[in-house]
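> So that you have it, the file is run.tsv, and it contains TSV, C-alpha atoms and all ligand atoms:
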chain	number	residue	atom	x	y	z
M	1	LEU	CA	-12.06	-17.19	-1.88
M	2	GLY	CA	-13.65	-18.59	1.26
M	3	PHE	CA	-14.14	-22.02	-0.26
M	4	THR	CA	-10.58	-21.97	-1.63
M	5	GLU	CA	-9.32	-21.50	1.94
M	6	VAL	CA	-11.53	-24.39	3.10
M	7	LEU	CA	-10.17	-26.69	0.39
M	8	LEU	CA	-6.56	-25.61	1.03
M	9	SER	CA	-6.95	-26.33	4.74
M	10	GLU	CA	-7.75	-29.96	3.70
M	11	ILE	CA	-10.77	-30.22	6.02
M	12	ASP	CA	-12.59	-32.00	3.19
M	13	GLY	CA	-9.70	-34.39	2.53
M	14	PRO	CA	-6.09	-34.31	1.38
M	15	LEU	CA	-5.08	-32.53	-1.82
M	16	SER	CA	-2.63	-33.70	-4.46
M	17	ASN	CA	0.29	-31.35	-5.18
M	18	ASP	CA	-1.30	-30.36	-8.52
M	19	ALA	CA	-4.64	-29.58	-6.90
M	20	ARG	CA	-2.91	-27.47	-4.23
M	21	GLU	CA	-0.95	-25.53	-6.84
M	22	ASN	CA	-4.07	-24.88	-8.91
M	23	LEU	CA	-6.04	-23.73	-5.88
M	24	GLU	CA	-3.23	-21.35	-4.96
M	25	VAL	CA	-3.54	-19.83	-8.44
M	26	VAL	CA	-7.31	-19.48	-7.93
M	27	ARG	CA	-6.71	-17.84	-4.56
M	28	GLY	CA	-4.05	-15.45	-5.93
M	29	SER	CA	-6.21	-14.39	-8.89
M	30	GLY	CA	-9.26	-14.04	-6.64
M	31	GLN	CA	-7.37	-11.79	-4.23
M	32	GLN	CA	-6.12	-9.67	-7.13
M	33	LEU	CA	-9.66	-9.22	-8.48
M	34	HIS	CA	-10.91	-8.43	-4.99
M	35	SER	CA	-8.43	-5.62	-4.54
M	36	LEU	CA	-9.12	-4.35	-8.08
M	37	ILE	CA	-12.87	-4.15	-7.32
M	38	ASP	CA	-12.15	-2.39	-4.01
M	39	ASP	CA	-9.93	0.15	-5.81
M	40	ILE	CA	-12.50	0.83	-8.53
M	41	LEU	CA	-15.28	1.27	-5.94
M	42	ASP	CA	-13.11	3.66	-3.91
M	43	LEU	CA	-12.21	5.66	-6.98
M	44	SER	CA	-15.83	5.94	-8.04
M	45	ALA	CA	-16.86	7.02	-4.50
M	46	LEU	CA	-14.06	9.60	-4.48
M	47	GLU	CA	-15.04	10.94	-7.90
M	48	SER	CA	-18.74	11.24	-7.06
M	49	GLY	CA	-17.98	12.87	-3.69
M	50	GLU	CA	-19.75	10.00	-1.89
M	51	LEU	CA	-16.72	9.00	0.13
M	52	ARG	CA	-16.97	10.50	3.60
M	53	LEU	CA	-14.27	10.59	6.25
M	54	ASN	CA	-15.05	9.49	9.77
M	55	ARG	CA	-12.38	11.50	11.56
M	56	ARG	CA	-11.08	11.22	15.08
M	57	GLU	CA	-7.75	11.49	16.90
M	58	VAL	CA	-5.54	8.68	15.66
M	59	ASP	CA	-1.99	7.70	16.56
M	60	VAL	CA	-0.20	7.31	13.24
M	61	LEU	CA	2.57	5.26	14.88
M	62	SER	CA	0.19	2.55	16.06
M	63	ILE	CA	-1.38	2.33	12.59
M	64	ALA	CA	2.10	2.11	11.04
M	65	GLU	CA	2.96	-0.64	13.54
M	66	GLU	CA	-0.05	-2.71	12.44
M	67	VAL	CA	0.75	-2.23	8.76
M	68	VAL	CA	4.43	-3.13	9.22
M	69	ARG	CA	3.56	-6.23	11.29
M	70	GLU	CA	1.24	-7.53	8.57
M	71	ALA	CA	3.58	-6.54	5.74
M	72	ALA	CA	6.46	-8.44	7.34
M	73	ILE	CA	4.68	-11.69	6.40
M	74	THR	CA	4.93	-10.86	2.69
M	75	THR	CA	8.68	-10.17	2.82
M	76	GLN	CA	9.68	-13.60	4.05
M	77	SER	CA	10.67	-14.76	0.58
M	78	LYS	CA	13.01	-11.73	0.07
M	79	PRO	CA	16.18	-10.54	1.83
M	80	LEU	CA	14.34	-7.41	2.92
M	81	GLU	CA	14.29	-5.73	6.29
M	82	VAL	CA	11.24	-3.65	7.23
M	83	GLU	CA	11.97	-1.22	10.01
M	84	LEU	CA	9.67	1.11	11.94
M	85	CYS	CA	11.00	4.07	13.90
M	86	GLY	CA	9.98	7.44	15.25
M	87	GLU	CA	7.49	8.68	17.79
M	88	SER	CA	3.78	8.86	18.46
M	89	ALA	CA	2.07	11.42	16.23
M	90	VAL	CA	-1.57	12.35	16.51
M	91	ALA	CA	-3.57	12.99	13.36
M	92	TRP	CA	-7.21	14.05	12.92
M	93	ALA	CA	-8.00	11.27	10.52
M	94	ASP	CA	-10.30	8.47	9.45
M	95	PRO	CA	-8.50	5.40	10.90
M	96	THR	CA	-9.66	3.02	8.14
M	97	ARG	CA	-8.59	5.40	5.37
M	98	LEU	CA	-5.32	6.23	7.13
M	99	ARG	CA	-4.59	2.53	7.32
M	100	GLN	CA	-5.29	2.28	3.60
M	101	ILE	CA	-2.91	5.20	2.88
M	102	VAL	CA	-0.08	3.76	4.98
M	103	GLY	CA	-0.76	0.25	3.65
M	104	ASN	CA	-0.54	1.40	0.04
M	105	VAL	CA	2.76	3.26	0.36
M	106	VAL	CA	4.40	0.60	2.56
M	107	GLY	CA	2.96	-2.15	0.34
M	108	ASN	CA	4.45	-0.53	-2.77
M	109	ALA	CA	7.86	-0.13	-1.08
M	110	ILE	CA	7.85	-3.84	-0.21
M	111	LYS	CA	6.46	-4.93	-3.58
M	112	PHE	CA	9.04	-3.08	-5.67
M	113	THR	CA	12.11	-3.56	-3.44
M	114	LEU	CA	13.82	-6.88	-4.07
M	115	GLU	CA	16.44	-6.55	-1.36
M	116	GLY	CA	17.72	-4.19	1.26
M	117	ARG	CA	15.56	-2.12	3.52
M	118	VAL	CA	12.20	-0.43	3.83
M	119	GLN	CA	12.09	2.15	6.58
M	120	VAL	CA	8.89	3.62	7.97
M	121	ARG	CA	9.29	6.70	10.16
M	122	VAL	CA	6.61	8.62	12.06
M	123	GLU	CA	7.16	12.13	13.40
M	124	GLN	CA	5.15	14.96	14.89
M	125	ARG	CA	6.18	18.28	13.37
M	126	GLY	CA	4.17	21.12	14.82
M	127	ARG	CA	0.55	20.67	13.73
M	128	PHE	CA	1.39	17.85	11.35
M	129	ALA	CA	1.83	14.13	11.72
M	130	ILE	CA	4.47	13.03	9.23
M	131	LEU	CA	4.95	9.58	7.73
M	132	ILE	CA	8.11	8.88	5.76
M	133	VAL	CA	8.48	5.61	3.84
M	134	SER	CA	11.85	5.04	2.20
M	135	ASP	CA	13.14	2.01	0.36
M	136	THR	CA	16.26	0.71	-1.37
M	137	GLY	CA	14.25	-0.35	-4.44
M	138	PRO	CA	14.59	0.48	-8.16
M	139	GLY	CA	13.66	4.15	-7.76
M	140	ILE	CA	11.34	6.12	-10.04
M	141	ALA	CA	12.58	8.13	-13.03
M	142	THR	CA	12.19	11.91	-12.68
M	143	GLU	CA	10.00	12.18	-15.80
M	144	VAL	CA	7.31	9.85	-14.37
M	145	GLN	CA	7.36	11.03	-10.76
M	146	THR	CA	4.22	13.15	-11.27
M	147	ALA	CA	2.46	10.68	-13.56
M	148	ILE	CA	2.45	7.77	-11.07
M	149	PHE	CA	-0.02	9.71	-8.89
M	150	GLU	CA	-2.54	9.64	-11.74
M	151	GLU	CA	-5.09	6.89	-12.33
M	152	TYR	CA	-3.85	3.75	-14.13
M	153	ARG	CA	-0.31	5.11	-14.50
M	154	GLN	CA	2.59	2.79	-13.76
M	155	ALA	CA	6.33	3.09	-14.19
M	156	GLY	CA	8.98	0.37	-14.41
M	157	ASP	CA	9.21	-2.71	-16.61
M	158	ASP	CA	6.41	-5.01	-17.81
M	159	ALA	CA	6.97	-7.50	-14.99
M	160	SER	CA	6.43	-4.86	-12.31
M	161	ARG	CA	3.33	-3.53	-14.14
M	162	ARG	CA	1.67	-6.91	-14.03
M	163	VAL	CA	1.59	-6.96	-10.20
M	164	GLY	CA	-0.72	-3.97	-9.87
M	165	THR	CA	-3.35	-1.75	-11.41
M	166	GLY	CA	-1.87	1.73	-11.14
M	167	LEU	CA	-4.77	2.89	-8.96
M	168	GLY	CA	-3.18	2.70	-5.49
M	169	LEU	CA	-1.26	5.99	-5.49
M	170	ALA	CA	-4.09	7.87	-7.23
M	171	ILE	CA	-6.48	6.82	-4.46
M	172	THR	CA	-3.85	7.48	-1.78
M	173	ARG	CA	-3.19	10.98	-3.08
M	174	ARG	CA	-6.90	11.82	-3.10
M	175	LEU	CA	-7.41	10.44	0.41
M	176	VAL	CA	-4.41	12.38	1.71
M	177	LYS	CA	-5.79	15.57	0.12
M	178	MET	CA	-9.22	14.99	1.67
M	179	HIS	CA	-7.45	14.95	5.05
M	180	GLY	CA	-5.85	18.31	4.29
M	181	GLY	CA	-2.44	16.71	3.87
M	182	PHE	CA	0.01	16.30	1.04
M	183	ILE	CA	2.20	13.56	-0.42
M	184	GLU	CA	5.68	14.08	-1.85
M	185	LEU	CA	8.09	11.80	-3.62
M	186	SER	CA	11.83	12.02	-3.88
M	187	SER	CA	13.62	9.28	-5.77
M	188	ASP	CA	16.88	8.44	-7.49
M	189	LEU	CA	16.73	5.81	-10.22
M	190	GLY	CA	18.62	2.72	-9.06
M	191	LYS	CA	18.91	3.92	-5.49
M	192	GLY	CA	15.43	3.96	-3.99
M	193	SER	CA	12.42	6.12	-3.24
M	194	THR	CA	11.10	8.15	-0.34
M	195	PHE	CA	7.42	9.01	0.01
M	196	THR	CA	6.56	11.66	2.60
M	197	ILE	CA	2.99	12.16	3.73
H	1	LIG	P1	0.40	-0.29	-8.66
H	1	LIG	O1	1.30	-0.52	-7.47
H	1	LIG	O2	-0.90	-1.01	-8.58
H	1	LIG	O3	1.09	-0.47	-9.97
H	1	LIG	P2	0.34	2.46	-7.73
H	1	LIG	O4	-0.56	3.58	-8.13
H	1	LIG	O5	0.34	2.10	-6.28
H	1	LIG	O6	-0.06	1.25	-8.64
H	1	LIG	O7	1.82	2.82	-8.19
H	1	LIG	C1	2.02	3.33	-9.50
H	1	LIG	C2	3.42	3.02	-9.99
H	1	LIG	O8	4.38	3.76	-9.25
H	1	LIG	C3	3.84	1.57	-9.82
H	1	LIG	O9	3.37	0.77	-10.87
H	1	LIG	C4	5.37	1.69	-9.82
H	1	LIG	O10	5.82	1.77	-11.16
H	1	LIG	C5	5.60	3.03	-9.18
H	1	LIG	N1	5.97	2.89	-7.73
H	1	LIG	C6	5.18	3.15	-6.66
H	1	LIG	N2	5.86	2.97	-5.51
H	1	LIG	C7	7.12	2.61	-5.85
H	1	LIG	C8	8.30	2.29	-5.12
H	1	LIG	N3	8.33	2.32	-3.78
H	1	LIG	N4	9.41	1.96	-5.82
H	1	LIG	C9	9.40	1.94	-7.19
H	1	LIG	N5	8.32	2.23	-7.94
H	1	LIG	C10	7.18	2.55	-7.28
When written as structure tokens, how does the structure in this file appear?

Amino acid sequence: LGFTEVLLSEIDGPLSNDARENLEVVRGSGQQLHSLIDDILDLSALESGELRLNRREVDVLSIAEEVVREAAITTQSKPLEVELCGESAVAWADPTRLRQIVGNVVGNAIKFTLEGRVQVRVEQRGRFAILIVSDTGPGIATEVQTAIFEEYRQAGDDASRRVGTGLGLAITRRLVKMHGGFIELSSDLGKGSTFTI
């Protein structure tokens, strides 16, 4: 992946259009494999009990801000608005893992929503920090709403299955549970989905 970036930056000389296109395919496939390997390693660490949390006081809003800022780059090709609202909310959490949790749910909302809006809201409710991610995407059928939190389970059509592995939500759910939290989904097919953590 590193050398692909070097070649694409044309430091070593100009690229033809074909060469650029091919390198972009190499980069895309490489990134996909990279995230697959990361997911499998996380899952194996979670299953063997080797994954440890490094907890401290974390502001969920500032983590959500980072995630939304980075995610905005990937929405540029779609008529999609990503909006962050709410208030500071302190959680006793592992910042890296919290970022992964927020990144997965926000990433899914952006990935599956072709147009409209993704809203990320952070609230403090008593002892809990709450993150609500809602989208105007395809929604998730009632009969698969439990299954998508299991390993390798995906909903939707073949095209949407190709863009992932079905591991993200399984890992997210386990990480949320390790933090003593919970994740809920409410969705109407054709209207959108809301994930509350
Ligand atoms: P992946 O995104 O790699 O397929 P996930 O475990 O993150 O795996 O998600 C499992 C499935 O849940 C997805 O394949 C998709 O069918 C469904 N899904 C998750 N988030 C959304 C969403 N915001 N809108 C519609 N479908 C979703």
> So which one's closest to ligand LIG 1 (chain H), M:Glu143, M:Glu5, M:Glu151, M:Glu115? Using all atoms listed in the file, please.
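The shortest atom-to-atom distance to ligand LIG 1 (chain H) comes from M:Glu151.
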> Write as JSON, numbers by chain the residues around ligand LIG 1 (chain H), taking 9 Å as the cut-off and counting all atoms listed in the file.
{"M": [36, 104, 105, 106, 107, 108, 109, 110, 111, 112, 113, 118, 133, 134, 135, 136, 137, 138, 139, 140, 141, 144, 145, 147, 148, 149, 150, 151, 152, 153, 154, 155, 156, 157, 160, 161, 162, 163, 164, 165, 166, 167, 168, 169, 170, 171, 172, 187, 189, 192, 193, 194, 195]}
> Kindly extract all protein, DNA and RNA residues lying within 6 Å of the coordinates (5.1, 13.4, 1.3) given in the file, considering only C-alpha atoms, and supply them as a list in words.
Phe182, Ile183, Glu184, Leu185, Phe195, Thr196 and Ile197 of chain M
> One decimal, in Å: what's the spacing between atom CA of M:Trp92 and atom CA of M:Ile37?
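Here the two named atoms are 27.8 Å from each other.
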> Taking all atoms listed in the file into account, name the residue in M:Asp94, M:Asp42, M:Asp59, M:Glu47 that is nearest to M:Phe128.
M:Asp59
> Figure out the distance between atom CA of M:Gln32 and atom CA of M:Ser16, please, to one decimal in Å.
24.4 Å
> Which is closest to M:Arg69 among M:Leu8, M:Ala45, M:Leu51, M:Leu84, if we use all atoms listed in the file?
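So, comparing all the options, the nearest one is M:Leu84.
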> Of the candidates M:Leu33, M:Leu1, M:Val26, M:Leu46, which one gets nearest to M:Leu175 if we count all atoms listed in the file?
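Answer, going by the shortest atom-to-atom distance: M:Leu46.
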> Can you work out which one of M:Val176, M:Ala72, M:Ala91, M:Leu53 has the shortest atom-to-atom distance to M:Gly126, counting all atoms listed in the file?
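Looking at the shortest contact to M:Gly126, the residue is M:Ala91.
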> What does the structure give for the distance between atom CA of M:Gly116 and atom CA of M:Val90, in Å to one decimal?
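Between atom CA of M:Gly116 and atom CA of M:Val90 the gap is 29.6 Å.
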> Smallest atom-to-atom distance to M:Leu98: which of M:Arg56, M:Arg27, M:His34, M:Lys191, using all atoms listed in the file?
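The shortest atom-to-atom distance to M:Leu98 comes from M:Arg56.
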> Got a sec to check which residues sit within 9 Å of (0.2, -2.3, 7.2), counting only C-alpha atoms, and write them as a PyMOL selection string?
chain M and resi 63-72+99-100+102-104+106-107
> Could you please take those selected residues and save C-alpha atoms as a JSON list (two decimals), in the frame of the given file?

[["chain", "number", "residue", "atom", "x", "y", "z"],
["M", 63, "ILE", "CA", -1.38, 2.33, 12.59],
["M", 64, "ALA", "CA", 2.10, 2.11, 11.04],
["M", 65, "GLU", "CA", 2.96, -0.64, 13.54],
["M", 66, "GLU", "CA", -0.05, -2.71, 12.44],
["M", 67, "VAL", "CA", 0.75, -2.23, 8.76],
["M", 68, "VAL", "CA", 4.43, -3.13, 9.22],
["M", 69, "ARG", "CA", 3.56, -6.23, 11.29],
["M", 70, "GLU", "CA", 1.24, -7.53, 8.57],
["M", 71, "ALA", "CA", 3.58, -6.54, 5.74],
["M", 72, "ALA", "CA", 6.46, -8.44, 7.34],
["M", 99, "ARG", "CA", -4.59, 2.53, 7.32],
["M", 100, "GLN", "CA", -5.29, 2.28, 3.60],
["M", 102, "VAL", "CA", -0.08, 3.76, 4.98],
["M", 103, "GLY", "CA", -0.76, 0.25, 3.65],
["M", 104, "ASN", "CA", -0.54, 1.40, 0.04],
["M", 106, "VAL", "CA", 4.40, 0.60, 2.56],
["M", 107, "GLY", "CA", 2.96, -2.15, 0.34]]
> Tell me, as an NGL selection string, which residues lie within 12 Å of M:Val6, counting only C-alpha atoms; anything in the same chain fewer than 4 positions away does not count.
:M and (1-2 or 10-15 or 20 or 23-24 or 27)
